[in-house]
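Q: Input structure: run.txt, which contains compact mmCIF, N, CA, C and O atoms.
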# COMPACT_ATOMS: atom_id res chain seq x y z
N MET A 1 86.63 40.33 121.04
CA MET A 1 86.00 39.15 120.47
C MET A 1 85.72 38.17 121.61
O MET A 1 86.59 37.93 122.44
N VAL A 2 84.50 37.64 121.63
CA VAL A 2 84.10 36.68 122.66
C VAL A 2 83.61 35.42 121.97
O VAL A 2 82.79 35.48 121.05
N GLU A 3 84.14 34.28 122.40
CA GLU A 3 83.63 33.00 121.92
C GLU A 3 82.46 32.63 122.83
O GLU A 3 82.59 32.57 124.05
N VAL A 4 81.30 32.41 122.21
CA VAL A 4 80.10 32.05 122.95
C VAL A 4 79.75 30.61 122.60
O VAL A 4 79.62 30.27 121.42
N ARG A 5 79.63 29.78 123.63
CA ARG A 5 79.27 28.38 123.43
C ARG A 5 77.86 28.16 123.97
O ARG A 5 77.54 28.60 125.08
N TYR A 6 77.04 27.50 123.17
CA TYR A 6 75.64 27.26 123.52
C TYR A 6 75.42 25.78 123.81
O TYR A 6 76.03 24.92 123.18
N PHE A 7 74.51 25.52 124.74
CA PHE A 7 74.23 24.14 125.13
C PHE A 7 72.72 23.87 125.13
O PHE A 7 71.93 24.78 125.39
N ALA A 8 72.37 22.63 124.83
CA ALA A 8 71.00 22.12 124.92
C ALA A 8 70.01 23.01 124.16
O ALA A 8 70.24 23.32 122.99
N ALA A 9 68.93 23.43 124.81
CA ALA A 9 67.84 24.15 124.14
C ALA A 9 68.28 25.47 123.52
O ALA A 9 67.78 25.86 122.47
N ILE A 10 69.22 26.16 124.14
CA ILE A 10 69.66 27.44 123.57
C ILE A 10 70.45 27.20 122.29
O ILE A 10 70.35 27.97 121.34
N ALA A 11 71.22 26.11 122.22
CA ALA A 11 71.92 25.76 120.98
C ALA A 11 70.91 25.46 119.88
O ALA A 11 71.10 25.89 118.73
N ASP A 12 69.84 24.76 120.21
CA ASP A 12 68.79 24.49 119.23
C ASP A 12 68.13 25.79 118.77
O ASP A 12 67.84 25.96 117.59
N ALA A 13 67.90 26.70 119.69
CA ALA A 13 67.21 27.95 119.37
C ALA A 13 68.03 28.84 118.43
O ALA A 13 67.47 29.50 117.55
N VAL A 14 69.35 28.87 118.61
CA VAL A 14 70.19 29.71 117.75
C VAL A 14 70.74 28.94 116.55
O VAL A 14 71.30 29.54 115.64
N GLY A 15 70.59 27.62 116.57
CA GLY A 15 71.01 26.82 115.42
C GLY A 15 72.49 26.56 115.32
O GLY A 15 73.01 26.24 114.25
N LYS A 16 73.20 26.67 116.44
CA LYS A 16 74.65 26.40 116.42
C LYS A 16 75.14 26.14 117.84
O LYS A 16 74.45 26.47 118.81
N ASP A 17 76.31 25.56 117.93
CA ASP A 17 76.91 25.26 119.23
C ASP A 17 77.86 26.35 119.71
O ASP A 17 78.12 26.47 120.90
N THR A 18 78.41 27.10 118.77
CA THR A 18 79.40 28.11 119.13
C THR A 18 79.45 29.20 118.07
O THR A 18 79.07 28.96 116.91
N GLU A 19 79.88 30.37 118.47
CA GLU A 19 80.14 31.45 117.53
C GLU A 19 81.04 32.48 118.22
O GLU A 19 81.17 32.50 119.44
N ARG A 20 81.64 33.32 117.41
CA ARG A 20 82.46 34.42 117.92
C ARG A 20 81.70 35.72 117.67
O ARG A 20 81.23 35.95 116.57
N LEU A 21 81.61 36.52 118.72
CA LEU A 21 80.92 37.80 118.61
C LEU A 21 81.89 38.94 118.88
O LEU A 21 82.72 38.85 119.80
N ASP A 22 81.78 39.97 118.09
CA ASP A 22 82.63 41.14 118.26
C ASP A 22 81.96 42.08 119.27
O ASP A 22 81.09 42.87 118.92
N LEU A 23 82.33 41.92 120.53
CA LEU A 23 81.79 42.73 121.62
C LEU A 23 82.92 43.56 122.22
O LEU A 23 84.08 43.15 122.19
N PRO A 24 82.59 44.72 122.79
CA PRO A 24 83.63 45.55 123.41
C PRO A 24 84.33 44.82 124.55
O PRO A 24 83.77 43.91 125.17
N ALA A 25 85.54 45.25 124.86
CA ALA A 25 86.33 44.62 125.92
C ALA A 25 85.64 44.68 127.27
O ALA A 25 85.86 43.81 128.11
N ASP A 26 84.81 45.69 127.49
CA ASP A 26 84.14 45.83 128.78
C ASP A 26 82.69 45.32 128.76
O ASP A 26 81.89 45.66 129.63
N ALA A 27 82.35 44.49 127.78
CA ALA A 27 80.99 43.98 127.64
C ALA A 27 80.58 43.12 128.84
O ALA A 27 81.42 42.48 129.47
N THR A 28 79.29 43.13 129.12
CA THR A 28 78.74 42.39 130.26
C THR A 28 77.75 41.33 129.78
O THR A 28 77.40 41.27 128.60
N VAL A 29 77.30 40.52 130.73
CA VAL A 29 76.27 39.52 130.44
C VAL A 29 75.03 40.22 129.86
O VAL A 29 74.42 39.72 128.92
N GLY A 30 74.67 41.36 130.39
CA GLY A 30 73.53 42.12 129.87
C GLY A 30 73.74 42.51 128.41
O GLY A 30 72.82 42.44 127.60
N ASP A 31 74.96 42.92 128.06
CA ASP A 31 75.28 43.25 126.67
C ASP A 31 75.14 42.02 125.78
O ASP A 31 74.62 42.10 124.66
N LEU A 32 75.61 40.88 126.28
CA LEU A 32 75.51 39.65 125.51
C LEU A 32 74.05 39.26 125.32
O LEU A 32 73.64 38.90 124.21
N ARG A 33 73.25 39.33 126.37
CA ARG A 33 71.81 39.03 126.24
C ARG A 33 71.17 39.92 125.18
O ARG A 33 70.41 39.46 124.34
N HIS A 34 71.46 41.21 125.24
CA HIS A 34 70.90 42.16 124.28
C HIS A 34 71.34 41.83 122.85
O HIS A 34 70.52 41.82 121.92
N THR A 35 72.61 41.54 122.67
CA THR A 35 73.14 41.20 121.35
C THR A 35 72.47 39.95 120.80
O THR A 35 72.07 39.91 119.63
N LEU A 36 72.31 38.94 121.63
CA LEU A 36 71.69 37.70 121.17
C LEU A 36 70.22 37.89 120.83
O LEU A 36 69.74 37.37 119.81
N ALA A 37 69.48 38.63 121.65
CA ALA A 37 68.07 38.89 121.36
C ALA A 37 67.92 39.71 120.08
O ALA A 37 67.00 39.48 119.29
N THR A 38 68.83 40.65 119.86
CA THR A 38 68.80 41.46 118.64
C THR A 38 69.13 40.62 117.42
O THR A 38 68.48 40.72 116.38
N THR A 39 70.12 39.75 117.56
CA THR A 39 70.56 38.92 116.44
C THR A 39 69.55 37.84 116.08
O THR A 39 69.27 37.61 114.90
N TYR A 40 69.00 37.17 117.09
CA TYR A 40 68.15 36.01 116.84
C TYR A 40 66.66 36.29 117.03
O TYR A 40 65.84 35.39 116.88
N GLY A 41 66.31 37.50 117.35
CA GLY A 41 64.92 37.89 117.46
C GLY A 41 64.42 37.93 118.89
O GLY A 41 64.96 37.26 119.77
N PRO A 42 63.39 38.74 119.12
CA PRO A 42 62.88 38.94 120.48
C PRO A 42 62.31 37.67 121.11
O PRO A 42 62.19 37.59 122.32
N GLY A 43 61.98 36.68 120.30
CA GLY A 43 61.49 35.42 120.85
C GLY A 43 62.52 34.69 121.69
O GLY A 43 62.18 33.83 122.51
N LEU A 44 63.79 35.02 121.51
CA LEU A 44 64.86 34.39 122.28
C LEU A 44 64.99 35.01 123.68
O LEU A 44 65.48 34.36 124.60
N ALA A 45 64.51 36.22 123.85
CA ALA A 45 64.67 36.94 125.13
C ALA A 45 64.13 36.17 126.33
O ALA A 45 64.81 36.12 127.36
N PRO A 46 62.93 35.58 126.27
CA PRO A 46 62.46 34.84 127.44
C PRO A 46 63.38 33.67 127.83
O PRO A 46 63.59 33.40 129.01
N MET A 47 63.95 33.00 126.84
CA MET A 47 64.87 31.91 127.13
C MET A 47 66.14 32.45 127.76
O MET A 47 66.67 31.87 128.72
N LEU A 48 66.63 33.57 127.26
CA LEU A 48 67.86 34.15 127.80
C LEU A 48 67.68 34.60 129.25
O LEU A 48 68.64 34.58 130.02
N LYS A 49 66.47 34.98 129.63
CA LYS A 49 66.22 35.41 131.01
C LYS A 49 66.43 34.27 132.01
O LYS A 49 66.77 34.52 133.16
N VAL A 50 66.22 33.03 131.58
CA VAL A 50 66.37 31.90 132.51
C VAL A 50 67.69 31.18 132.34
O VAL A 50 68.00 30.26 133.09
N CYS A 51 68.49 31.58 131.36
CA CYS A 51 69.80 30.97 131.16
C CYS A 51 70.80 31.46 132.20
O CYS A 51 70.73 32.59 132.67
N ALA A 52 71.73 30.59 132.52
CA ALA A 52 72.89 30.97 133.32
C ALA A 52 74.07 31.11 132.36
O ALA A 52 74.08 30.53 131.28
N PHE A 53 75.04 31.89 132.79
CA PHE A 53 76.22 32.15 131.96
C PHE A 53 77.46 31.76 132.75
O PHE A 53 77.64 32.24 133.87
N LEU A 54 78.27 30.89 132.17
CA LEU A 54 79.52 30.52 132.80
C LEU A 54 80.58 31.47 132.26
O LEU A 54 80.96 31.41 131.08
N VAL A 55 81.02 32.38 133.12
CA VAL A 55 81.98 33.42 132.76
C VAL A 55 83.22 33.16 133.61
O VAL A 55 83.21 33.37 134.82
N GLY A 56 84.27 32.68 132.97
CA GLY A 56 85.44 32.25 133.74
C GLY A 56 85.03 31.07 134.60
O GLY A 56 84.48 30.09 134.10
N ASP A 57 85.24 31.17 135.90
CA ASP A 57 84.84 30.11 136.83
C ASP A 57 83.53 30.41 137.52
O ASP A 57 83.12 29.68 138.41
N GLU A 58 82.85 31.50 137.13
CA GLU A 58 81.64 31.94 137.82
C GLU A 58 80.39 31.65 137.00
O GLU A 58 80.28 32.05 135.84
N LEU A 59 79.45 30.96 137.61
CA LEU A 59 78.14 30.74 137.00
C LEU A 59 77.24 31.87 137.48
O LEU A 59 77.07 32.07 138.69
N THR A 60 76.69 32.64 136.55
CA THR A 60 75.96 33.85 136.93
C THR A 60 74.74 34.08 136.05
O THR A 60 74.67 33.57 134.94
N ARG A 61 73.83 34.85 136.57
CA ARG A 61 72.70 35.40 135.81
C ARG A 61 72.71 36.93 135.90
O ARG A 61 71.83 37.59 135.40
N ASP A 62 73.72 37.47 136.55
CA ASP A 62 73.83 38.90 136.82
C ASP A 62 74.25 39.66 135.56
O ASP A 62 75.33 39.42 135.01
N ASN A 63 73.41 40.58 135.11
CA ASN A 63 73.69 41.35 133.89
C ASN A 63 74.94 42.21 133.98
O ASN A 63 75.46 42.64 132.96
N THR A 64 75.42 42.49 135.18
CA THR A 64 76.59 43.38 135.31
C THR A 64 77.92 42.62 135.29
O THR A 64 78.98 43.26 135.28
N THR A 65 77.88 41.31 135.24
CA THR A 65 79.11 40.51 135.20
C THR A 65 79.83 40.76 133.87
O THR A 65 79.24 40.64 132.80
N ARG A 66 81.11 41.11 133.97
CA ARG A 66 81.90 41.34 132.77
C ARG A 66 82.26 40.02 132.11
O ARG A 66 82.59 39.05 132.79
N LEU A 67 82.24 40.03 130.79
CA LEU A 67 82.53 38.83 130.02
C LEU A 67 84.03 38.54 129.98
O LEU A 67 84.85 39.43 130.10
N THR A 68 84.34 37.26 129.81
CA THR A 68 85.70 36.78 129.57
C THR A 68 85.78 36.38 128.10
O THR A 68 84.76 36.38 127.40
N PRO A 69 86.94 35.99 127.59
CA PRO A 69 87.05 35.63 126.18
C PRO A 69 86.18 34.44 125.75
O PRO A 69 85.90 34.27 124.57
N CYS A 70 85.77 33.61 126.70
CA CYS A 70 84.90 32.48 126.39
C CYS A 70 83.77 32.44 127.42
O CYS A 70 84.02 32.47 128.62
N VAL A 71 82.53 32.38 126.92
CA VAL A 71 81.35 32.36 127.78
C VAL A 71 80.45 31.22 127.34
O VAL A 71 80.19 31.05 126.15
N ASP A 72 79.97 30.44 128.30
CA ASP A 72 79.01 29.37 128.02
C ASP A 72 77.61 29.84 128.40
O ASP A 72 77.42 30.43 129.47
N VAL A 73 76.65 29.59 127.51
CA VAL A 73 75.26 29.94 127.77
C VAL A 73 74.52 28.64 128.07
O VAL A 73 74.46 27.75 127.22
N LEU A 74 73.98 28.55 129.29
CA LEU A 74 73.41 27.30 129.78
C LEU A 74 71.94 27.49 130.15
O LEU A 74 71.62 28.20 131.09
N PRO A 75 71.04 26.82 129.43
CA PRO A 75 69.63 26.88 129.81
C PRO A 75 69.43 26.01 131.06
O PRO A 75 70.29 25.20 131.41
N PRO A 76 68.27 26.16 131.72
CA PRO A 76 68.00 25.28 132.85
C PRO A 76 67.98 23.83 132.37
O PRO A 76 67.48 23.54 131.27
N PHE A 77 68.54 22.95 133.16
CA PHE A 77 68.56 21.54 132.81
C PHE A 77 67.58 20.79 133.69
O PHE A 77 67.48 21.06 134.88
N ALA A 78 66.86 19.87 133.10
CA ALA A 78 65.97 19.00 133.88
C ALA A 78 66.67 17.67 134.07
O ALA A 78 67.52 17.28 133.29
N GLY A 79 66.32 16.99 135.09
CA GLY A 79 66.93 15.68 135.29
C GLY A 79 66.60 15.17 136.67
O GLY A 79 66.00 15.85 137.49
N GLY A 80 66.99 13.98 136.90
CA GLY A 80 66.69 13.41 138.19
C GLY A 80 67.68 12.36 138.58
O GLY A 80 68.62 12.08 137.95
Represent the structure from my file as structure tokens, please.
A:
Amino acid sequence: MVEVRYFAAIADAVGKDTERLDLPADATVGDLRHTLATTYGPGLAPMLKVCAFLVGDELTRDNTTRLTPCVDVLPPFAGG
């Protein structure tokens, strides 16, 4: 089980701030991306491609990174 927390535009796109997903113990960021695109529709895939994932203490976009029990999904942020 993985707790997934969503922020900003990705939270708006999925309609929630957090959820628990039943993913295998060896699941990766790529598995999470696939699960989210399957669950919320292929229109989410382009947004997921530009999102970063906070997995433990590591901010990554690498599909091979193994998930931890809590993962944050972070879209690009604008600001100045």
Q: Neighbours of stretch 11-20 of chain A within 8 Å (all atoms listed in the file; same-chain residues fewer than 5 positions away dropped), as a PyMOL selection string?
A: chain A and resi 1-6+36+40+44+69-75
Q: Could those selected residues go to a file with N, CA, C and O atoms, as a PDB file, in the frame of the given file?
A:
ATOM      1  N   MET A   1      86.630  40.330 121.040  1.00  0.00           N
ATOM      2  CA  MET A   1      86.000  39.150 120.470  1.00  0.00           C
ATOM      3  C   MET A   1      85.720  38.170 121.610  1.00  0.00           C
ATOM      4  O   MET A   1      86.590  37.930 122.440  1.00  0.00           O
ATOM      5  N   VAL A   2      84.500  37.640 121.630  1.00  0.00           N
ATOM      6  CA  VAL A   2      84.100  36.680 122.660  1.00  0.00           C
ATOM      7  C   VAL A   2      83.610  35.420 121.970  1.00  0.00           C
ATOM      8  O   VAL A   2      82.790  35.480 121.050  1.00  0.00           O
ATOM      9  N   GLU A   3      84.140  34.280 122.400  1.00  0.00           N
ATOM     10  CA  GLU A   3      83.630  33.000 121.920  1.00  0.00           C
ATOM     11  C   GLU A   3      82.460  32.630 122.830  1.00  0.00           C
ATOM     12  O   GLU A   3      82.590  32.570 124.050  1.00  0.00           O
ATOM     13  N   VAL A   4      81.300  32.410 122.210  1.00  0.00           N
ATOM     14  CA  VAL A   4      80.100  32.050 122.950  1.00  0.00           C
ATOM     15  C   VAL A   4      79.750  30.610 122.600  1.00  0.00           C
ATOM     16  O   VAL A   4      79.620  30.270 121.420  1.00  0.00           O
ATOM     17  N   ARG A   5      79.630  29.780 123.630  1.00  0.00           N
ATOM     18  CA  ARG A   5      79.270  28.380 123.430  1.00  0.00           C
ATOM     19  C   ARG A   5      77.860  28.160 123.970  1.00  0.00           C
ATOM     20  O   ARG A   5      77.540  28.600 125.080  1.00  0.00           O
ATOM     21  N   TYR A   6      77.040  27.500 123.170  1.00  0.00           N
ATOM     22  CA  TYR A   6      75.640  27.260 123.520  1.00  0.00           C
ATOM     23  C   TYR A   6      75.420  25.780 123.810  1.00  0.00           C
ATOM     24  O   TYR A   6      76.030  24.920 123.180  1.00  0.00           O
ATOM     25  N   LEU A  36      72.310  38.940 121.630  1.00  0.00           N
ATOM     26  CA  LEU A  36      71.690  37.700 121.170  1.00  0.00           C
ATOM     27  C   LEU A  36      70.220  37.890 120.830  1.00  0.00           C
ATOM     28  O   LEU A  36      69.740  37.370 119.810  1.00  0.00           O
ATOM     29  N   TYR A  40      69.000  37.170 117.090  1.00  0.00           N
ATOM     30  CA  TYR A  40      68.150  36.010 116.840  1.00  0.00           C
ATOM     31  C   TYR A  40      66.660  36.290 117.030  1.00  0.00           C
ATOM     32  O   TYR A  40      65.840  35.390 116.880  1.00  0.00           O
ATOM     33  N   LEU A  44      63.790  35.020 121.510  1.00  0.00           N
ATOM     34  CA  LEU A  44      64.860  34.390 122.280  1.00  0.00           C
ATOM     35  C   LEU A  44      64.990  35.010 123.680  1.00  0.00           C
ATOM     36  O   LEU A  44      65.480  34.360 124.600  1.00  0.00           O
ATOM     37  N   PRO A  69      86.940  35.990 127.590  1.00  0.00           N
ATOM     38  CA  PRO A  69      87.050  35.630 126.180  1.00  0.00           C
ATOM     39  C   PRO A  69      86.180  34.440 125.750  1.00  0.00           C
ATOM     40  O   PRO A  69      85.900  34.270 124.570  1.00  0.00           O
ATOM     41  N   CYS A  70      85.770  33.610 126.700  1.00  0.00           N
ATOM     42  CA  CYS A  70      84.900  32.480 126.390  1.00  0.00           C
ATOM     43  C   CYS A  70      83.770  32.440 127.420  1.00  0.00           C
ATOM     44  O   CYS A  70      84.020  32.470 128.620  1.00  0.00           O
ATOM     45  N   VAL A  71      82.530  32.380 126.920  1.00  0.00           N
ATOM     46  CA  VAL A  71      81.350  32.360 127.780  1.00  0.00           C
ATOM     47  C   VAL A  71      80.450  31.220 127.340  1.00  0.00           C
ATOM     48  O   VAL A  71      80.190  31.050 126.150  1.00  0.00           O
ATOM     49  N   ASP A  72      79.970  30.440 128.300  1.00  0.00           N
ATOM     50  CA  ASP A  72      79.010  29.370 128.020  1.00  0.00           C
ATOM     51  C   ASP A  72      77.610  29.840 128.400  1.00  0.00           C
ATOM     52  O   ASP A  72      77.420  30.430 129.470  1.00  0.00           O
ATOM     53  N   VAL A  73      76.650  29.590 127.510  1.00  0.00           N
ATOM     54  CA  VAL A  73      75.260  29.940 127.770  1.00  0.00           C
ATOM     55  C   VAL A  73      74.520  28.640 128.070  1.00  0.00           C
ATOM     56  O   VAL A  73      74.460  27.750 127.220  1.00  0.00           O
ATOM     57  N   LEU A  74      73.980  28.550 129.290  1.00  0.00           N
ATOM     58  CA  LEU A  74      73.410  27.300 129.780  1.00  0.00           C
ATOM     59  C   LEU A  74      71.940  27.490 130.150  1.00  0.00           C
ATOM     60  O   LEU A  74      71.620  28.200 131.090  1.00  0.00           O
ATOM     61  N   PRO A  75      71.040  26.820 129.430  1.00  0.00           N
ATOM     62  CA  PRO A  75      69.630  26.880 129.810  1.00  0.00           C
ATOM     63  C   PRO A  75      69.430  26.010 131.060  1.00  0.00           C
ATOM     64  O   PRO A  75      70.290  25.200 131.410  1.00  0.00           O
TER      65      PRO A  75
END
Q: Distance atom N of A:Arg66-atom C of A:Ala37, one decimal place?
A: 19.2 Å
Q: I want to know what sits within 8 Å of A:Pro76, based on only N, CA, C and O atoms, with residues of the same chain fewer than 6 positions away left out; could you give that as a ChimeraX atom specification?
A: /A:7-10,47,50-52
Q: Could you save the residues just selected, with N, CA, C and O atoms, as a PDB file, in the coordinates of the input?
A:
ATOM      1  N   PHE A   7      74.510  25.520 124.740  1.00  0.00           N
ATOM      2  CA  PHE A   7      74.230  24.140 125.130  1.00  0.00           C
ATOM      3  C   PHE A   7      72.720  23.870 125.130  1.00  0.00           C
ATOM      4  O   PHE A   7      71.930  24.780 125.390  1.00  0.00           O
ATOM      5  N   ALA A   8      72.370  22.630 124.830  1.00  0.00           N
ATOM      6  CA  ALA A   8      71.000  22.120 124.920  1.00  0.00           C
ATOM      7  C   ALA A   8      70.010  23.010 124.160  1.00  0.00           C
ATOM      8  O   ALA A   8      70.240  23.320 122.990  1.00  0.00           O
ATOM      9  N   ALA A   9      68.930  23.430 124.810  1.00  0.00           N
ATOM     10  CA  ALA A   9      67.840  24.150 124.140  1.00  0.00           C
ATOM     11  C   ALA A   9      68.280  25.470 123.520  1.00  0.00           C
ATOM     12  O   ALA A   9      67.780  25.860 122.470  1.00  0.00           O
ATOM     13  N   ILE A  10      69.220  26.160 124.140  1.00  0.00           N
ATOM     14  CA  ILE A  10      69.660  27.440 123.570  1.00  0.00           C
ATOM     15  C   ILE A  10      70.450  27.200 122.290  1.00  0.00           C
ATOM     16  O   ILE A  10      70.350  27.970 121.340  1.00  0.00           O
ATOM     17  N   MET A  47      63.950  33.000 126.840  1.00  0.00           N
ATOM     18  CA  MET A  47      64.870  31.910 127.130  1.00  0.00           C
ATOM     19  C   MET A  47      66.140  32.450 127.760  1.00  0.00           C
ATOM     20  O   MET A  47      66.670  31.870 128.720  1.00  0.00           O
ATOM     21  N   VAL A  50      66.220  33.030 131.580  1.00  0.00           N
ATOM     22  CA  VAL A  50      66.370  31.900 132.510  1.00  0.00           C
ATOM     23  C   VAL A  50      67.690  31.180 132.340  1.00  0.00           C
ATOM     24  O   VAL A  50      68.000  30.260 133.090  1.00  0.00           O
ATOM     25  N   CYS A  51      68.490  31.580 131.360  1.00  0.00           N
ATOM     26  CA  CYS A  51      69.800  30.970 131.160  1.00  0.00           C
ATOM     27  C   CYS A  51      70.800  31.460 132.200  1.00  0.00           C
ATOM     28  O   CYS A  51      70.730  32.590 132.670  1.00  0.00           O
ATOM     29  N   ALA A  52      71.730  30.590 132.520  1.00  0.00           N
ATOM     30  CA  ALA A  52      72.890  30.970 133.320  1.00  0.00           C
ATOM     31  C   ALA A  52      74.070  31.110 132.360  1.00  0.00           C
ATOM     32  O   ALA A  52      74.080  30.530 131.280  1.00  0.00           O
TER      33      ALA A  52
END
Q: So, counting only C-alpha atoms, which residue among A:Arg61, A:Gly56, A:Pro46, A:Leu67 is closest to A:Leu32?
A: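 Closest to A:Leu32, using only C-alpha atoms: A:Leu67.
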Q: Calculate how many Å separate atom CA of A:His34 from atom CA of A:Glu58, rounding to one decimal.
A: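 Separation between atom CA of A:His34 and atom CA of A:Glu58: 20.1 Å.
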